[in-house]
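Colleague: Would you mind keeping the following structure in view while I ask a few things?
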Amino acid sequence: MHLDHHETYPTRHTCTLRPDGTRRALRIGLGGPVGSGKTATVAALCRELRDSLSIAVVTNDIYTREDADFLLRNAVLPAERITAVETGACPHTAIRDDISANLEAVEELEDRTGPLDLIFVESGGDNLTATFSTGLVDAQVFVIDVAAGDDIPRKGGPGVTTADLLVVNKTDLAPHVGSDLAAMARDARAQRGDLPVAFTSLTAPGGIGPVVDWVRGRLAAWTAAHPAGVGA
């Protein structure tokens, strides 16, 4: 995401207000390789936040609605708050290069459900170069998992190095796949500097907690920076 991380919310290409003058939702993109646990992370976030926040989700798949259907089957949100984009091309195309389908989906969700606090935009599975356009999302989470190898943070790539939050998922598998969590933490710090890293195990009670705390912090900063009915 080519962002200046000293600025909490850089100038975006889209208005922060909806046509009726209400503040639009904070948009958080979640990307990462196939199988890293993006959809499970979105599901866990929805379960933790849905009682206190108004949330919706946009998923991206190339030719299916599989991720959206997973969320619907697990009833993480009412059906009208989940929508799918079939990209028909490489996943990064619809989140970075031609974001029109995702922007339309985001705006339709807000029109259909009324003012929202938060919209998660989940990318289809991609590689370490996946990033979101700043015209689509206000912050990006990049999800990797320990089963893919403990050298992933060391390999870098824009997803690992520049995402607003790096999530190292499936830490419970580390002893079984020979991954060194301390090395992953050290390599992530070397690649990311002061940008945050969260280690998660979604099978453990409270395992999504660090990501929930980060999302709440971003939302607090968003609402403070963009009072409803003020500014563009």
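Ordering of the structure tokens sets the chain letters (A, B, ...); residue numbers start at 1 within each chain; ligands are numbered from 1 in the order shown.
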Run DSSP on the backbone and grab whatever in segment 18-49 of chain A lands in alpha helix (DSSP H); send it over as an MDAnalysis selection string.
Modeller: chainID A and resid 38:49
Colleague: Generate the output file for the selected residues, N, CA, C and O atoms, as a PDB file, in the first residue's frame.
Modeller:
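Now in again.pdb:
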ATOM      1  N   LYS A  38      -7.780 -15.972   5.795  1.00  0.00           N
ATOM      2  CA  LYS A  38      -8.422 -14.658   5.662  1.00  0.00           C
ATOM      3  C   LYS A  38      -9.898 -14.724   6.015  1.00  0.00           C
ATOM      4  O   LYS A  38     -10.397 -13.901   6.797  1.00  0.00           O
ATOM      5  N   THR A  39     -10.624 -15.677   5.431  1.00  0.00           N
ATOM      6  CA  THR A  39     -12.065 -15.763   5.671  1.00  0.00           C
ATOM      7  C   THR A  39     -12.350 -16.118   7.122  1.00  0.00           C
ATOM      8  O   THR A  39     -13.280 -15.566   7.729  1.00  0.00           O
ATOM      9  N   ALA A  40     -11.568 -17.017   7.687  1.00  0.00           N
ATOM     10  CA  ALA A  40     -11.749 -17.359   9.106  1.00  0.00           C
ATOM     11  C   ALA A  40     -11.464 -16.157   9.988  1.00  0.00           C
ATOM     12  O   ALA A  40     -12.126 -15.962  11.020  1.00  0.00           O
ATOM     13  N   THR A  41     -10.498 -15.334   9.607  1.00  0.00           N
ATOM     14  CA  THR A  41     -10.208 -14.120  10.370  1.00  0.00           C
ATOM     15  C   THR A  41     -11.370 -13.144  10.285  1.00  0.00           C
ATOM     16  O   THR A  41     -11.787 -12.553  11.293  1.00  0.00           O
ATOM     17  N   VAL A  42     -11.923 -12.961   9.083  1.00  0.00           N
ATOM     18  CA  VAL A  42     -13.096 -12.089   8.925  1.00  0.00           C
ATOM     19  C   VAL A  42     -14.254 -12.612   9.771  1.00  0.00           C
ATOM     20  O   VAL A  42     -14.937 -11.841  10.467  1.00  0.00           O
ATOM     21  N   ALA A  43     -14.494 -13.920   9.732  1.00  0.00           N
ATOM     22  CA  ALA A  43     -15.587 -14.504  10.515  1.00  0.00           C
ATOM     23  C   ALA A  43     -15.392 -14.251  12.008  1.00  0.00           C
ATOM     24  O   ALA A  43     -16.335 -13.868  12.722  1.00  0.00           O
ATOM     25  N   ALA A  44     -14.166 -14.451  12.489  1.00  0.00           N
ATOM     26  CA  ALA A  44     -13.886 -14.246  13.914  1.00  0.00           C
ATOM     27  C   ALA A  44     -14.063 -12.780  14.296  1.00  0.00           C
ATOM     28  O   ALA A  44     -14.599 -12.464  15.379  1.00  0.00           O
ATOM     29  N   LEU A  45     -13.634 -11.864  13.437  1.00  0.00           N
ATOM     30  CA  LEU A  45     -13.815 -10.437  13.709  1.00  0.00           C
ATOM     31  C   LEU A  45     -15.290 -10.080  13.775  1.00  0.00           C
ATOM     32  O   LEU A  45     -15.728  -9.322  14.653  1.00  0.00           O
ATOM     33  N   CYS A  46     -16.068 -10.612  12.843  1.00  0.00           N
ATOM     34  CA  CYS A  46     -17.502 -10.314  12.846  1.00  0.00           C
ATOM     35  C   CYS A  46     -18.160 -10.807  14.132  1.00  0.00           C
ATOM     36  O   CYS A  46     -18.987 -10.103  14.729  1.00  0.00           O
ATOM     37  N   ARG A  47     -17.808 -12.005  14.566  1.00  0.00           N
ATOM     38  CA  ARG A  47     -18.409 -12.544  15.797  1.00  0.00           C
ATOM     39  C   ARG A  47     -18.077 -11.673  17.000  1.00  0.00           C
ATOM     40  O   ARG A  47     -18.912 -11.479  17.890  1.00  0.00           O
ATOM     41  N   GLU A  48     -16.867 -11.168  17.064  1.00  0.00           N
ATOM     42  CA  GLU A  48     -16.441 -10.373  18.210  1.00  0.00           C
ATOM     43  C   GLU A  48     -17.016  -8.958  18.197  1.00  0.00           C
ATOM     44  O   GLU A  48     -17.249  -8.371  19.261  1.00  0.00           O
ATOM     45  N   LEU A  49     -17.244  -8.399  17.012  1.00  0.00           N
ATOM     46  CA  LEU A  49     -17.600  -6.986  16.902  1.00  0.00           C
ATOM     47  C   LEU A  49     -19.070  -6.722  16.587  1.00  0.00           C
ATOM     48  O   LEU A  49     -19.539  -5.596  16.747  1.00  0.00           O
TER      49      LEU A  49
END
Colleague: Could you name the residues that touch segment 213-229 of chain A at 12 Å or less, counting only C-alpha atoms, but leaving out those on the same chain fewer than 5 positions away, as a CSV table (one decimal) with N, CA, C and O atoms, in the first residue's frame?
Modeller:
chain,number,residue,atom,x,y,z
A,7,GLU,N,1.2,9.2,9.0
A,7,GLU,CA,-0.1,9.9,8.8
A,7,GLU,C,-1.2,8.8,9.1
A,7,GLU,O,-1.3,7.8,8.4
A,8,THR,N,-2.0,9.0,10.1
A,8,THR,CA,-3.0,8.0,10.5
A,8,THR,C,-3.9,7.7,9.3
A,8,THR,O,-4.2,6.5,9.0
A,9,TYR,N,-4.5,8.7,8.7
A,9,TYR,CA,-5.3,8.4,7.5
A,9,TYR,C,-4.9,9.4,6.4
A,9,TYR,O,-5.3,10.5,6.4
A,10,PRO,N,-4.1,8.9,5.5
A,10,PRO,CA,-3.7,9.7,4.3
A,10,PRO,C,-4.9,10.2,3.5
A,10,PRO,O,-6.0,9.6,3.6
A,11,THR,N,-4.8,11.2,2.7
A,11,THR,CA,-5.8,11.7,1.9
A,11,THR,C,-6.3,10.6,0.9
A,11,THR,O,-5.5,9.9,0.2
A,15,CYS,N,-14.8,10.2,-1.0
A,15,CYS,CA,-15.3,11.1,0.0
A,15,CYS,C,-15.6,10.3,1.3
A,15,CYS,O,-15.9,9.1,1.3
A,16,THR,N,-15.4,11.0,2.5
A,16,THR,CA,-15.6,10.3,3.7
A,16,THR,C,-17.1,10.4,4.2
A,16,THR,O,-17.4,9.8,5.2
A,17,LEU,N,-17.9,11.1,3.4
A,17,LEU,CA,-19.3,11.3,3.8
A,17,LEU,C,-20.1,10.6,2.7
A,17,LEU,O,-19.8,10.6,1.5
A,18,ARG,N,-21.3,10.1,3.1
A,18,ARG,CA,-22.3,9.5,2.2
A,18,ARG,C,-23.1,10.7,1.7
A,18,ARG,O,-23.1,11.8,2.3
A,19,PRO,N,-23.9,10.5,0.7
A,19,PRO,CA,-24.7,11.5,0.1
A,19,PRO,C,-25.7,12.2,1.1
A,19,PRO,O,-26.0,13.4,1.0
A,20,ASP,N,-26.1,11.4,2.1
A,20,ASP,CA,-27.0,12.0,3.1
A,20,ASP,C,-26.3,12.7,4.3
A,20,ASP,O,-26.9,13.2,5.2
A,21,GLY,N,-25.0,12.8,4.2
A,21,GLY,CA,-24.2,13.6,5.2
A,21,GLY,C,-23.7,12.8,6.3
A,21,GLY,O,-22.9,13.3,7.1
A,22,THR,N,-24.1,11.5,6.4
A,22,THR,CA,-23.5,10.6,7.4
A,22,THR,C,-22.1,10.2,7.0
A,22,THR,O,-21.8,10.1,5.8
A,23,ARG,N,-21.3,9.9,8.0
A,23,ARG,CA,-20.0,9.4,7.8
A,23,ARG,C,-20.0,8.0,7.2
A,23,ARG,O,-20.7,7.2,7.6
A,24,ARG,N,-19.2,7.8,6.1
A,24,ARG,CA,-19.2,6.4,5.5
A,24,ARG,C,-18.4,5.5,6.5
A,24,ARG,O,-17.7,6.0,7.4
A,25,ALA,N,-18.6,4.2,6.2
A,25,ALA,CA,-17.9,3.2,7.0
A,25,ALA,C,-16.4,3.3,6.8
A,25,ALA,O,-15.9,3.6,5.7
A,26,LEU,N,-15.7,2.9,7.9
A,26,LEU,CA,-14.2,2.6,7.7
A,26,LEU,C,-14.1,1.3,6.9
A,26,LEU,O,-14.8,0.3,7.2
A,27,ARG,N,-13.2,1.3,5.9
A,27,ARG,CA,-13.1,0.2,5.0
A,27,ARG,C,-11.7,-0.4,5.3
A,27,ARG,O,-10.7,0.2,5.2
A,28,ILE,N,-11.7,-1.7,5.7
A,28,ILE,CA,-10.5,-2.4,6.0
A,28,ILE,C,-10.4,-3.6,5.1
A,28,ILE,O,-11.2,-4.4,5.0
A,29,GLY,N,-9.3,-3.6,4.3
A,29,GLY,CA,-9.0,-4.7,3.4
A,29,GLY,C,-8.2,-5.8,4.0
A,29,GLY,O,-7.3,-5.5,4.8
A,30,LEU,N,-8.5,-7.1,3.7
A,30,LEU,CA,-7.8,-8.2,4.2
A,30,LEU,C,-7.3,-9.0,3.0
A,30,LEU,O,-8.1,-9.5,2.2
A,42,VAL,N,-11.9,-13.0,9.1
A,42,VAL,CA,-13.1,-12.1,8.9
A,42,VAL,C,-14.3,-12.6,9.8
A,42,VAL,O,-14.9,-11.8,10.5
A,45,LEU,N,-13.6,-11.9,13.4
A,45,LEU,CA,-13.8,-10.4,13.7
A,45,LEU,C,-15.3,-10.1,13.8
A,45,LEU,O,-15.7,-9.3,14.7
A,46,CYS,N,-16.1,-10.6,12.8
A,46,CYS,CA,-17.5,-10.3,12.8
A,46,CYS,C,-18.2,-10.8,14.1
A,46,CYS,O,-19.0,-10.1,14.7
A,48,GLU,N,-16.9,-11.2,17.1
A,48,GLU,CA,-16.4,-10.4,18.2
A,48,GLU,C,-17.0,-9.0,18.2
A,48,GLU,O,-17.2,-8.4,19.3
A,49,LEU,N,-17.2,-8.4,17.0
A,49,LEU,CA,-17.6,-7.0,16.9
A,49,LEU,C,-19.1,-6.7,16.6
A,49,LEU,O,-19.5,-5.6,16.7
A,52,SER,N,-21.5,-4.8,19.0
A,52,SER,CA,-21.3,-3.4,19.4
A,52,SER,C,-21.1,-2.5,18.2
A,52,SER,O,-21.1,-1.2,18.3
A,53,LEU,N,-20.9,-3.0,17.0
A,53,LEU,CA,-20.7,-2.2,15.8
A,53,LEU,C,-21.6,-2.7,14.6
A,53,LEU,O,-22.0,-3.9,14.6
A,54,SER,N,-21.9,-1.8,13.7
A,54,SER,CA,-22.6,-2.1,12.5
A,54,SER,C,-21.6,-2.5,11.4
A,54,SER,O,-20.9,-1.6,11.0
A,55,ILE,N,-21.6,-3.7,11.0
A,55,ILE,CA,-20.6,-4.3,10.1
A,55,ILE,C,-21.2,-4.9,8.8
A,55,ILE,O,-22.3,-5.4,8.8
A,115,PRO,N,-26.4,3.5,7.6
A,115,PRO,CA,-25.0,3.8,8.0
A,115,PRO,C,-24.3,2.6,8.7
A,115,PRO,O,-24.9,1.9,9.5
A,116,LEU,N,-23.1,2.4,8.3
A,116,LEU,CA,-22.3,1.3,8.9
A,116,LEU,C,-21.1,1.9,9.5
A,116,LEU,O,-20.6,2.9,9.1
A,117,ASP,N,-20.6,1.2,10.6
A,117,ASP,CA,-19.3,1.6,11.2
A,117,ASP,C,-18.1,1.0,10.4
A,117,ASP,O,-17.1,1.7,10.3
A,118,LEU,N,-18.2,-0.2,9.9
A,118,LEU,CA,-17.1,-0.9,9.4
A,118,LEU,C,-17.5,-1.8,8.3
A,118,LEU,O,-18.5,-2.5,8.3
A,119,ILE,N,-16.6,-1.8,7.2
A,119,ILE,CA,-16.8,-2.8,6.1
A,119,ILE,C,-15.5,-3.5,5.9
A,119,ILE,O,-14.4,-2.8,5.7
A,120,PHE,N,-15.5,-4.8,6.0
A,120,PHE,CA,-14.3,-5.6,5.6
A,120,PHE,C,-14.4,-6.0,4.2
A,120,PHE,O,-15.4,-6.4,3.7
A,138,ASP,N,-9.3,2.0,3.6
A,138,ASP,CA,-8.6,3.0,4.5
A,138,ASP,C,-7.4,2.4,5.3
A,138,ASP,O,-6.6,3.1,5.8
A,139,ALA,N,-7.4,1.0,5.4
A,139,ALA,CA,-6.3,0.3,6.0
A,139,ALA,C,-6.3,-1.1,5.5
A,139,ALA,O,-7.3,-1.6,5.1
A,140,GLN,N,-5.1,-1.7,5.5
A,140,GLN,CA,-5.0,-3.1,5.0
A,140,GLN,C,-4.4,-4.0,6.1
A,140,GLN,O,-3.4,-3.6,6.7
A,141,VAL,N,-5.0,-5.2,6.1
A,141,VAL,CA,-4.4,-6.3,7.0
A,141,VAL,C,-3.9,-7.3,6.0
A,141,VAL,O,-4.6,-7.7,5.0
A,164,ASP,N,-0.9,-2.3,7.0
A,164,ASP,CA,-1.0,-1.6,8.2
A,164,ASP,C,-0.9,-2.5,9.4
A,164,ASP,O,-0.5,-2.1,10.5
A,165,LEU,N,-1.4,-3.8,9.2
A,165,LEU,CA,-1.2,-4.8,10.2
A,165,LEU,C,-0.9,-6.1,9.5
A,165,LEU,O,-1.5,-6.5,8.6
A,166,LEU,N,0.2,-6.8,10.0
A,166,LEU,CA,0.5,-8.1,9.5
A,166,LEU,C,0.0,-9.1,10.6
A,166,LEU,O,0.3,-9.0,11.8
A,167,VAL,N,-0.7,-10.1,10.1
A,167,VAL,CA,-1.3,-11.1,11.0
A,167,VAL,C,-0.5,-12.4,10.7
A,167,VAL,O,-0.6,-12.9,9.5
A,195,LEU,N,5.7,-0.9,12.3
A,195,LEU,CA,4.4,-1.3,11.9
A,195,LEU,C,4.0,-2.6,12.7
A,195,LEU,O,4.8,-3.5,12.9
A,196,PRO,N,2.7,-2.7,13.2
A,196,PRO,CA,2.4,-3.8,14.1
A,196,PRO,C,2.3,-5.2,13.4
A,196,PRO,O,2.0,-5.3,12.3
A,197,VAL,N,2.5,-6.2,14.3
A,197,VAL,CA,2.4,-7.6,13.9
A,197,VAL,C,1.5,-8.3,15.0
A,197,VAL,O,1.8,-8.1,16.2
A,198,ALA,N,0.5,-9.1,14.6
A,198,ALA,CA,-0.3,-9.8,15.5
A,198,ALA,C,-0.1,-11.3,15.2
A,198,ALA,O,-0.2,-11.7,14.1
A,206,GLY,N,-10.2,-16.4,22.5
A,206,GLY,CA,-9.6,-15.1,22.5
A,206,GLY,C,-8.5,-14.9,21.5
A,206,GLY,O,-7.8,-13.9,21.5
A,207,GLY,N,-8.3,-15.9,20.6
A,207,GLY,CA,-7.2,-15.9,19.7
A,207,GLY,C,-7.2,-14.8,18.7
A,207,GLY,O,-6.2,-14.3,18.2
A,208,ILE,N,-8.4,-14.2,18.4
A,208,ILE,CA,-8.5,-13.1,17.5
A,208,ILE,C,-8.3,-11.7,18.2
A,208,ILE,O,-8.3,-10.7,17.6
Colleague: Which of these residues is nearest to Asn169 of chain A, using only C-alpha atoms: A:Gly124, A:Gly209, A:Gly31, A:Ser36?
Modeller: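 Of the candidates, the smallest distance to Asn169 of chain A is held by A:Ser36.
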Colleague: Just checking: using only C-alpha atoms, which residue out of A:Val212, A:Leu128, A:Ala183, A:Ala56 ends up closest to Arg112 of chain A?
Modeller: A:Ala56
Colleague: Expressed in Å to a single decimal, how great is the separation between atom CA of Pro91 of chain A and atom CA of Ala130 of chain A?
Modeller: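 Spanning atom CA of Pro91 of chain A to atom CA of Ala130 of chain A is a straight-line distance of 8.3 Å.
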Colleague: Just give me the gap between atom CA of Ile144 of chain A and atom CA of Ala188 of chain A in Å, one decimal is fine.
Modeller: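 Interatomic distance, atom CA of Ile144 of chain A to atom CA of Ala188 of chain A: 11.3 Å.
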Colleague: Any idea what the distance is between atom CA of Lys170 of chain A and atom CA of Ala147 of chain A?
Modeller: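 Taking atom CA of Lys170 of chain A and atom CA of Ala147 of chain A, their separation equals 7.4 Å.
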Colleague: So which residues touch Ser123 of chain A within 12 Å, counting only C-alpha atoms, skipping near sequence neighbours fewer than 4 positions away, as a ChimeraX atom specification?
Modeller: /A:28-34,36-39,42,57-62,67-68,84-87,90-96,99,102,127,130-133,136-137,140-143,159
Colleague: Using only C-alpha atoms, which residue out of A:Asp97, A:Arg192, A:Arg81, A:Thr129 lies closest to Gly114 of chain A?
Modeller: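 The closest residue to Gly114 of chain A is A:Arg81.
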Colleague: Using DSSP on the backbone, list every residue of segment 79-201 of chain A that comes out as strand (DSSP E or B), and give them as a list in words.
Modeller: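 Put together, the selection reads Ile82, Thr83, Ala84, Val85, Glu86, Leu118, Ile119, Phe120, Val121, Glu122, Ala139, Gln140, Val141, Phe142, Val143, Ile144, Asp145, Leu165, Leu166, Val167, Val168, Asn169, Val197, Ala198 and Phe199 of chain A.
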Colleague: Which residue, A:Ser100, A:Asn74, A:Thr83, A:Ser201, has the smallest gap to Glu122 of chain A when you use only C-alpha atoms?
Modeller: A:Thr83
